[in-house]
file entry-v7.tsv (TSV, C-alpha atoms)
chain	number	residue	atom	x	y	z
A	1	MET	CA	99.18	109.97	117.93
A	2	LYS	CA	99.78	111.33	114.46
A	3	ARG	CA	98.10	114.67	113.79
A	4	ILE	CA	96.63	115.42	110.39
A	5	PHE	CA	96.37	119.04	109.33
A	6	ILE	CA	93.73	119.87	106.76
A	7	ILE	CA	93.19	123.46	105.76
A	8	ILE	CA	90.50	124.76	103.44
A	9	LEU	CA	91.06	128.28	102.19
A	10	PRO	CA	87.89	129.92	100.85
A	11	VAL	CA	88.67	132.33	98.03
A	12	LEU	CA	86.79	134.83	95.92
A	13	ILE	CA	87.52	134.88	92.20
A	14	SER	CA	86.57	137.59	89.74
A	15	PHE	CA	86.03	136.86	86.04
A	16	SER	CA	86.84	139.32	83.27
A	17	SER	CA	85.78	138.69	79.68
A	18	PHE	CA	87.96	139.80	76.76
A	19	GLY	CA	86.17	138.76	73.61
A	20	GLN	CA	84.17	135.83	72.35
A	21	ASP	CA	85.79	132.97	74.28
A	22	THR	CA	88.56	134.39	76.47
A	23	ILE	CA	87.97	134.53	80.23
A	24	GLN	CA	90.57	135.61	82.75
A	25	LYS	CA	90.34	134.56	86.42
A	26	LYS	CA	91.76	136.73	89.18
A	27	LEU	CA	92.04	135.83	92.87
A	28	ILE	CA	90.74	138.80	94.86
A	29	LYS	CA	90.12	137.55	98.44
A	30	LYS	CA	91.46	134.89	100.79
A	31	TYR	CA	89.91	133.90	104.12
A	32	ILE	CA	90.88	131.62	106.99
A	33	PRO	CA	88.81	130.41	109.97
A	34	LEU	CA	88.67	132.80	112.92
A	35	LYS	CA	90.20	130.22	115.28
A	36	MET	CA	93.23	129.82	113.00
A	37	TYR	CA	93.53	133.59	112.63
A	38	GLU	CA	93.70	134.01	116.41
A	39	GLU	CA	96.28	131.20	116.74
A	40	LEU	CA	98.59	132.52	114.02
A	41	ILE	CA	98.04	136.28	114.03
A	42	GLY	CA	96.10	137.32	117.12
A	43	LYS	CA	92.82	139.03	117.88
A	44	PRO	CA	91.11	140.71	114.90
A	45	SER	CA	91.08	144.50	114.88
A	46	ASP	CA	88.13	146.81	114.29
A	47	THR	CA	89.07	147.04	110.61
A	48	THR	CA	89.33	143.29	110.03
A	49	GLU	CA	87.02	142.01	107.31
A	50	PHE	CA	84.82	139.03	108.19
A	51	ARG	CA	82.76	136.60	106.18
A	52	TYR	CA	80.24	134.17	107.63
A	53	SER	CA	79.49	130.64	106.47
A	54	GLU	CA	76.97	128.17	107.87
A	55	ASP	CA	79.32	126.70	110.45
A	56	ASP	CA	82.27	129.09	110.78
A	57	THR	CA	83.44	132.68	110.91
A	58	LEU	CA	86.07	133.51	108.30
A	59	VAL	CA	88.61	136.32	108.44
A	60	SER	CA	90.23	138.05	105.47
A	61	VAL	CA	94.02	137.73	105.12
A	62	PRO	CA	96.50	138.95	102.48
A	63	LEU	CA	96.63	136.87	99.32
A	64	ASP	CA	100.24	135.85	100.04
A	65	PHE	CA	99.44	134.66	103.58
A	66	ASP	CA	100.60	131.06	104.08
A	67	PRO	CA	99.35	129.40	107.30
A	68	PHE	CA	101.44	126.29	106.65
A	69	GLU	CA	104.70	128.20	106.69
A	70	ARG	CA	103.93	129.61	110.12
A	71	ARG	CA	103.30	126.14	111.54
A	72	GLY	CA	106.40	124.58	110.00
A	73	LEU	CA	104.30	122.36	107.74
A	74	VAL	CA	104.65	121.31	104.13
A	75	LYS	CA	101.44	121.75	102.17
A	76	VAL	CA	100.37	119.56	99.27
A	77	PRO	CA	97.20	120.06	97.22
A	78	TYR	CA	94.53	117.55	98.16
A	79	GLU	CA	94.15	114.78	95.57
A	80	ALA	CA	90.45	114.17	95.02
A	81	LYS	CA	89.10	110.78	93.93
A	82	ASP	CA	85.54	109.63	93.32
A	83	SER	CA	83.63	107.32	95.65
A	84	ILE	CA	84.08	104.26	93.41
A	85	PHE	CA	87.87	104.51	93.50
A	86	LEU	CA	87.92	105.29	97.22
A	87	LYS	CA	85.88	102.17	98.00
A	88	LEU	CA	88.35	100.06	96.01
A	89	TYR	CA	91.32	101.75	97.68
A	90	LYS	CA	89.90	101.08	101.13
A	91	GLN	CA	89.44	97.40	100.27
A	92	VAL	CA	93.06	97.12	99.17
A	93	VAL	CA	94.63	99.18	101.96
A	94	TYR	CA	92.23	98.74	104.89
A	95	ASN	CA	90.65	95.37	104.07
A	96	LEU	CA	87.26	97.11	104.00
A	97	GLY	CA	84.36	94.78	104.67
A	98	GLU	CA	86.48	92.21	106.52
A	99	THR	CA	86.72	91.61	110.25
A	100	GLY	CA	89.33	93.84	111.82
A	101	SER	CA	89.36	96.45	109.05
A	102	SER	CA	88.79	99.23	111.59
A	103	LYS	CA	92.19	98.43	113.14
A	104	GLU	CA	94.04	98.56	109.83
A	105	ARG	CA	96.26	101.52	109.09
A	106	MET	CA	97.86	102.80	105.94
A	107	HIS	CA	101.50	101.65	105.58
A	108	TYR	CA	104.05	103.04	103.14
A	109	TRP	CA	107.79	103.29	102.48
A	110	LYS	CA	109.17	106.68	103.50
A	111	ASP	CA	112.84	105.84	102.92
A	112	ASP	CA	114.23	104.48	99.67
A	113	VAL	CA	113.63	100.78	99.03
A	114	LYS	CA	117.09	99.23	98.68
A	115	ILE	CA	116.87	95.67	97.41
A	116	TYR	CA	119.48	93.00	97.98
A	117	ILE	CA	118.88	89.89	95.87
A	118	ASP	CA	120.40	86.75	97.33
A	119	GLU	CA	122.57	84.45	95.22
A	120	SER	CA	119.80	81.83	95.45
A	121	VAL	CA	117.77	83.88	92.94
A	122	PRO	CA	118.75	83.24	89.29
A	123	ASP	CA	120.18	86.25	87.47
A	124	ASP	CA	117.39	86.41	84.90
A	125	HIS	CA	114.77	86.35	87.68
A	126	ALA	CA	116.62	89.12	89.51
A	127	LYS	CA	116.76	91.26	86.37
A	128	GLU	CA	113.04	90.81	85.72
A	129	LEU	CA	112.20	91.84	89.27
A	130	MET	CA	114.39	94.95	89.13
A	131	VAL	CA	113.01	96.08	85.77
A	132	PHE	CA	109.52	95.68	87.22
A	133	ALA	CA	110.37	97.46	90.48
A	134	GLU	CA	112.17	100.38	88.86
A	135	ASN	CA	109.30	100.80	86.41
A	136	LEU	CA	106.87	101.10	89.33
A	137	ALA	CA	108.91	103.90	90.88
A	138	SER	CA	109.76	105.73	87.67
A	139	ASP	CA	106.56	107.79	87.69
A	140	ILE	CA	106.21	108.27	91.47
A	141	ASP	CA	108.37	111.00	93.00
A	142	SER	CA	108.01	109.77	96.59
A	143	LEU	CA	108.88	106.13	95.83
A	144	ASN	CA	112.52	105.32	95.14
A	145	ILE	CA	113.69	101.77	94.46
A	146	SER	CA	117.21	100.59	93.71
A	147	ARG	CA	119.33	97.44	93.86
A	148	GLN	CA	122.10	97.06	96.41
A	149	TYR	CA	124.90	94.55	96.00
A	150	THR	CA	125.94	94.71	99.66
A	151	ARG	CA	123.38	93.22	102.00
A	152	GLU	CA	124.29	95.51	104.90
A	153	LYS	CA	123.33	98.55	102.82
A	154	ALA	CA	119.93	97.10	101.89
A	155	ASN	CA	116.59	97.20	103.68
A	156	TYR	CA	114.83	94.63	101.48
A	157	LEU	CA	115.98	91.02	101.01
A	158	VAL	CA	114.79	88.74	98.19
A	159	TYR	CA	115.70	85.06	98.36
A	160	TYR	CA	114.75	81.57	97.18
A	161	LEU	CA	114.54	78.56	99.46
A	162	ASN	CA	115.34	75.09	98.08
A	163	ARG	CA	117.57	72.05	98.57
A	164	ASP	CA	120.60	73.98	97.32
A	165	HIS	CA	119.87	77.05	99.44
A	166	LEU	CA	118.65	76.00	102.86
A	167	THR	CA	118.95	79.26	104.80
A	168	ASP	CA	115.49	80.60	105.61
A	169	TYR	CA	116.00	84.27	106.46
A	170	GLU	CA	112.35	84.78	107.42
A	171	PRO	CA	110.59	81.63	108.72
A	172	ARG	CA	107.45	83.66	109.43
A	173	ILE	CA	106.78	83.61	105.68
A	174	ASN	CA	105.11	80.23	105.30
A	175	ALA	CA	102.06	80.72	103.10
A	176	ALA	CA	102.05	78.22	100.22
A	177	GLY	CA	105.78	78.50	99.75
A	178	ASN	CA	105.93	82.21	99.02
A	179	GLY	CA	105.20	85.59	100.52
A	180	TYR	CA	106.69	88.68	102.10
A	181	TYR	CA	107.20	90.09	105.58
A	182	ILE	CA	107.54	93.80	106.32
A	183	ASN	CA	108.20	95.90	109.42
A	184	TRP	CA	106.96	99.42	110.08
A	185	ASN	CA	107.49	102.05	112.76
A	186	GLY	CA	105.02	104.01	114.88
A	187	LYS	CA	104.32	106.36	111.99
A	188	GLN	CA	103.31	103.35	109.88
A	189	GLN	CA	106.38	103.85	107.69
A	190	ILE	CA	107.79	100.57	106.36
A	191	TYR	CA	111.52	100.29	106.95
A	192	ASN	CA	112.37	96.65	106.25
A	193	GLY	CA	111.12	93.86	104.01
A	194	LYS	CA	111.83	90.27	103.02
A	195	LEU	CA	110.44	88.30	100.09
A	196	LYS	CA	110.72	84.51	99.86
A	197	ILE	CA	109.89	81.94	97.20
A	198	ASN	CA	110.21	78.26	98.10
A	199	THR	CA	111.07	76.77	94.72
A	200	GLU	CA	110.60	73.24	96.05
A	201	LEU	CA	106.90	74.08	96.28
A	202	VAL	CA	106.69	76.52	93.35
A	203	LYS	CA	108.32	74.57	90.52
A	204	SER	CA	107.49	76.64	87.45
A	205	GLU	CA	109.91	79.45	86.63
A	206	PHE	CA	107.04	81.45	85.18
A	207	ASP	CA	105.16	81.16	88.48
A	208	GLN	CA	108.28	82.04	90.45
A	209	ILE	CA	108.71	85.31	88.52
A	210	GLN	CA	105.00	86.06	88.80
A	211	LEU	CA	105.16	85.62	92.57
A	212	LEU	CA	108.28	87.77	92.82
A	213	LYS	CA	106.44	90.65	91.16
A	214	SER	CA	103.11	90.09	92.91
A	215	ASN	CA	104.58	89.87	96.40
A	216	PHE	CA	106.87	92.83	95.83
A	217	PHE	CA	104.00	94.99	94.63
A	218	LYS	CA	101.87	94.11	97.66
A	219	SER	CA	104.78	94.76	100.02
A	220	LEU	CA	104.88	98.41	98.96
A	221	GLY	CA	101.76	99.07	101.03
A	222	PHE	CA	100.75	95.84	102.79
A	223	PHE	CA	98.09	95.65	100.07
A	224	LYS	CA	95.21	93.16	100.17
A	225	SER	CA	93.20	91.74	97.28
A	226	SER	CA	89.88	93.02	95.96
A	227	GLN	CA	87.23	91.11	94.04
A	228	GLN	CA	86.46	94.35	92.20
A	229	LEU	CA	89.67	93.98	90.21
A	230	GLN	CA	89.97	92.00	87.01
A	231	CYS	CA	91.70	88.62	86.95
A	232	GLY	CA	95.02	89.87	85.57
A	233	SER	CA	95.61	92.45	88.31
A	234	PHE	CA	98.29	91.88	90.93
A	235	LEU	CA	95.64	92.81	93.50
A	236	SER	CA	93.01	90.41	92.21
A	237	PRO	CA	92.24	87.29	94.30
A	238	TYR	CA	91.52	85.24	91.19
A	239	PRO	CA	94.05	82.70	89.81
A	240	GLY	CA	95.83	83.09	86.52
A	241	ALA	CA	98.69	85.05	84.97
A	242	LYS	CA	99.18	88.52	86.43
A	243	LYS	CA	100.40	91.74	84.90
A	244	LEU	CA	100.58	95.34	85.99
A	245	THR	CA	97.25	96.99	85.16
A	246	ASP	CA	96.32	100.66	84.92
A	247	LYS	CA	94.22	100.26	88.07
A	248	ASP	CA	97.17	98.73	89.96
A	249	MET	CA	99.26	101.77	89.06
A	250	GLU	CA	96.48	104.21	89.92
A	251	ILE	CA	96.23	102.67	93.39
A	252	LEU	CA	100.00	102.74	93.90
A	253	LYS	CA	100.33	106.36	92.74
A	254	TYR	CA	97.49	107.46	95.00
A	255	HIS	CA	98.99	105.54	97.91
A	256	TYR	CA	102.28	107.42	97.52
A	257	SER	CA	100.71	110.79	96.82
A	258	TYR	CA	101.21	113.34	99.59
A	259	GLY	CA	97.88	114.83	98.60
A	260	VAL	CA	96.30	112.24	100.93
A	261	CYS	CA	96.71	111.54	104.64
A	262	LYS	CA	99.57	109.24	105.61
A	263	GLY	CA	99.57	106.48	108.23
A	264	VAL	CA	95.95	106.97	109.30
A	265	ASP	CA	93.27	104.43	110.17
A	266	LEU	CA	90.15	103.67	108.14
A	267	LYS	CA	87.90	105.97	110.18
A	268	THR	CA	90.18	108.98	109.79
A	269	PHE	CA	90.77	108.35	106.09
A	270	THR	CA	87.02	108.09	105.44
A	271	GLU	CA	86.19	111.21	107.44
A	272	VAL	CA	88.86	113.27	105.68
A	273	THR	CA	87.99	112.21	102.14
A	274	ASN	CA	84.25	112.59	102.76
A	275	SER	CA	84.75	116.06	104.21
A	276	MET	CA	87.09	117.21	101.45
A	277	ASN	CA	84.96	115.89	98.62
A	278	GLN	CA	81.83	117.40	100.15
A	279	LYS	CA	83.57	120.77	100.34
A	280	LEU	CA	84.57	120.54	96.68
A	281	GLN	CA	80.98	119.77	95.73
A	282	GLU	CA	79.76	122.80	97.64
A	283	ASP	CA	82.53	125.11	96.48
A	284	PRO	CA	84.52	124.04	93.39
A	285	ASN	CA	86.82	127.06	93.92
A	286	ALA	CA	87.87	125.97	97.42
A	287	VAL	CA	91.63	125.55	97.82
A	288	LEU	CA	92.23	122.34	99.78
A	289	TYR	CA	95.54	121.12	101.16
A	290	ILE	CA	96.90	118.25	103.18
A	291	ALA	CA	99.74	119.43	105.42
A	292	HIS	CA	102.59	117.21	106.60
A	293	HIS	CA	105.27	117.69	109.23
A	294	GLU	CA	107.92	116.10	107.03
call {"tool": "encode", "arguments": {"input": "entry-v7.tsv", "output": "structure tokens"}}
result
Amino acid sequence: MKRIFIIILPVLISFSSFGQDTIQKKLIKKYIPLKMYEELIGKPSDTTEFRYSEDDTLVSVPLDFDPFERRGLVKVPYEAKDSIFLKLYKQVVYNLGETGSSKERMHYWKDDVKIYIDESVPDDHAKELMVFAENLASDIDSLNISRQYTREKANYLVYYLNRDHLTDYEPRINAAGNGYYINWNGKQQIYNGKLKINTELVKSEFDQIQLLKSNFFKSLGFFKSSQQLQCGSFLSPYPGAKKLTDKDMEILKYHYSYGVCKGVDLKTFTEVTNSMNQKLQEDPNAVLYIAHHE
């Protein structure tokens, strides 16, 4: 079972005024829960400073104390989102509201996505896909996408199926002549993907390119569709021409942010985001982190 580490560090901040509109903030105290203090440092001494909240006892620690470092964890500031966005995200990632959504988990690419484009795909189609894919990754540090010209070095295969190219590398893709198939490990990290367009069934070149982009985008997180999204979105269930929308990119960036929990189920994701956002409402100065093993 994957363990999620969430640490909230209460702090005290002093404010000093230097004129009409200049305010300087200074961190003066840092506290951690008593249980964590005993795990990482030991029993408190007679001179240890305590602070009490409604549901926990907090212990003062030096300002440079880093509990993550002692546990061998990497800390990332929690990325807060409002309830409207989180509902949309859960529809796209966890199929919220549909049967079986409680069993869904968050899937993502940990390793670089290395695309091999089969000779069955026309050069201009291949170029359009790669421009699209590289643009997606250009503003996301944890998502790296590149093209490989040797299939053995790739972990993502793109191919067309038609009378001139009869080899079907992934027969499990059979939905309306197009789709994708991905594999993930026990940590929910995607490590292999295939994308197929049957051009005997999808005749229009415009539609072929649209489906290349749409399926590739969805394969970056096993994304579902949401009726909350406008018609042109790649994640909209409505027919018509698709293009990359601001909301599509916001979802993708959030999905690949390490300021959120990775590989968790719907229940865990909801509990964590509710707890974190509630804490921020109660204490806007709270320092919240998500900690990862790797």
call {"tool": "closest_residue", "arguments": {"input": "entry-v7.tsv", "among": "A:Tyr78, A:Phe85, A:Phe269, A:Tyr94", "to": "A:Lys247", "atoms": "all atoms listed in the file"}}
result
A:Phe85
call {"tool": "atom_distance", "arguments": {"input": "entry-v7.tsv", "atom1": "atom CA of A:Gln148", "atom2": "atom CA of A:Val113"}}
result
9.6 Å
call {"tool": "residues_near_point", "arguments": {"input": "entry-v7.tsv", "point": "(120.8, 86.5, 92.8)", "cutoff": "12 Å", "atoms": "only C-alpha atoms", "output": "list in words"}}
result
Ile115, Tyr116, Ile117, Asp118, Glu119, Ser120, Val121, Pro122, Asp123, Asp124, His125, Ala126, Lys127, Glu128, Leu129, Met130, Arg147, Gln148, Tyr149, Thr150, Arg151, Leu157, Val158, Tyr159, Tyr160 and His165 of chain A
call {"tool": "atom_distance", "arguments": {"input": "entry-v7.tsv", "atom1": "atom CA of A:Tyr254", "atom2": "atom CA of A:Lys267"}}
result
18.0 Å
call {"tool": "residues_around", "arguments": {"input": "entry-v7.tsv", "residues": "stretch 190-203 of chain A", "least_positions_apart": "3", "cutoff": "6 Å", "atoms": "all atoms listed in the file", "output": "MDAnalysis selection string"}}
result
chainID A and resid 108:109 155:162 177:184
call {"tool": "atom_distance", "arguments": {"input": "entry-v7.tsv", "atom1": "atom CA of A:Lys114", "atom2": "atom CA of A:Cys261"}}
result
24.5 Å
call {"tool": "residues_near_point", "arguments": {"input": "entry-v7.tsv", "point": "(96.5, 120.8, 99.1)", "cutoff": "6 Å", "atoms": "only C-alpha atoms", "output": "list of chain:residue names"}}
result
A:Lys75, A:Val76, A:Pro77, A:Tyr78, A:Leu288, A:Tyr289, A:Ile290
call {"tool": "closest_residue", "arguments": {"input": "entry-v7.tsv", "among": "A:Met249, A:Leu280, A:Asn144, A:Val131", "to": "A:Leu212", "atoms": "all atoms listed in the file"}}
result
A:Val131
call {"tool": "closest_residue", "arguments": {"input": "entry-v7.tsv", "among": "A:Val260, A:Leu166, A:Val287, A:Leu136", "to": "A:Lys213", "atoms": "only C-alpha atoms"}}
result
A:Leu136
call {"tool": "closest_residue", "arguments": {"input": "entry-v7.tsv", "among": "A:Asn135, A:Ser83, A:Thr57, A:Gln91", "to": "A:Leu266", "atoms": "all atoms listed in the file"}}
result
A:Gln91
call {"tool": "closest_residue", "arguments": {"input": "entry-v7.tsv", "among": "A:Ser214, A:Ser226, A:Ser138, A:Thr167", "to": "A:Val93", "atoms": "only C-alpha atoms"}}
result
A:Ser226
call {"tool": "closest_atom_pairs", "arguments": {"input": "entry-v7.tsv", "of": "stretch 92-188 of chain A", "to": "stretch 227-241 of chain A", "cutoff": "12 Å", "atoms": "only C-alpha atoms", "output": "tab-separated table"}}
result
residue	atom	partner	partner_atom	distance
A:Val92	CA	A:Leu235	CA	7.6
A:Val93	CA	A:Leu235	CA	10.6
A:Asn95	CA	A:Gln227	CA	11.4
A:Leu96	CA	A:Gln227	CA	11.6
A:Gly97	CA	A:Gln227	CA	11.6
call {"tool": "residues_around", "arguments": {"input": "entry-v7.tsv", "residues": "A:Ser275", "least_positions_apart": "3", "cutoff": "12 Å", "atoms": "all atoms listed in the file", "output": "PDB file with C-alpha atoms, in the coordinates of the input"}}
result
ATOM      1  CA  ILE A   6      93.730 119.870 106.760  1.00  0.00           C
ATOM      2  CA  ILE A   7      93.190 123.460 105.760  1.00  0.00           C
ATOM      3  CA  ILE A   8      90.500 124.760 103.440  1.00  0.00           C
ATOM      4  CA  TYR A  78      94.530 117.550  98.160  1.00  0.00           C
ATOM      5  CA  ALA A  80      90.450 114.170  95.020  1.00  0.00           C
ATOM      6  CA  THR A 268      90.180 108.980 109.790  1.00  0.00           C
ATOM      7  CA  PHE A 269      90.770 108.350 106.090  1.00  0.00           C
ATOM      8  CA  THR A 270      87.020 108.090 105.440  1.00  0.00           C
ATOM      9  CA  GLU A 271      86.190 111.210 107.440  1.00  0.00           C
ATOM     10  CA  VAL A 272      88.860 113.270 105.680  1.00  0.00           C
ATOM     11  CA  GLN A 278      81.830 117.400 100.150  1.00  0.00           C
ATOM     12  CA  LYS A 279      83.570 120.770 100.340  1.00  0.00           C
ATOM     13  CA  LEU A 280      84.570 120.540  96.680  1.00  0.00           C
ATOM     14  CA  GLN A 281      80.980 119.770  95.730  1.00  0.00           C
ATOM     15  CA  GLU A 282      79.760 122.800  97.640  1.00  0.00           C
ATOM     16  CA  LEU A 288      92.230 122.340  99.780  1.00  0.00           C
TER      17      LEU A 288
END
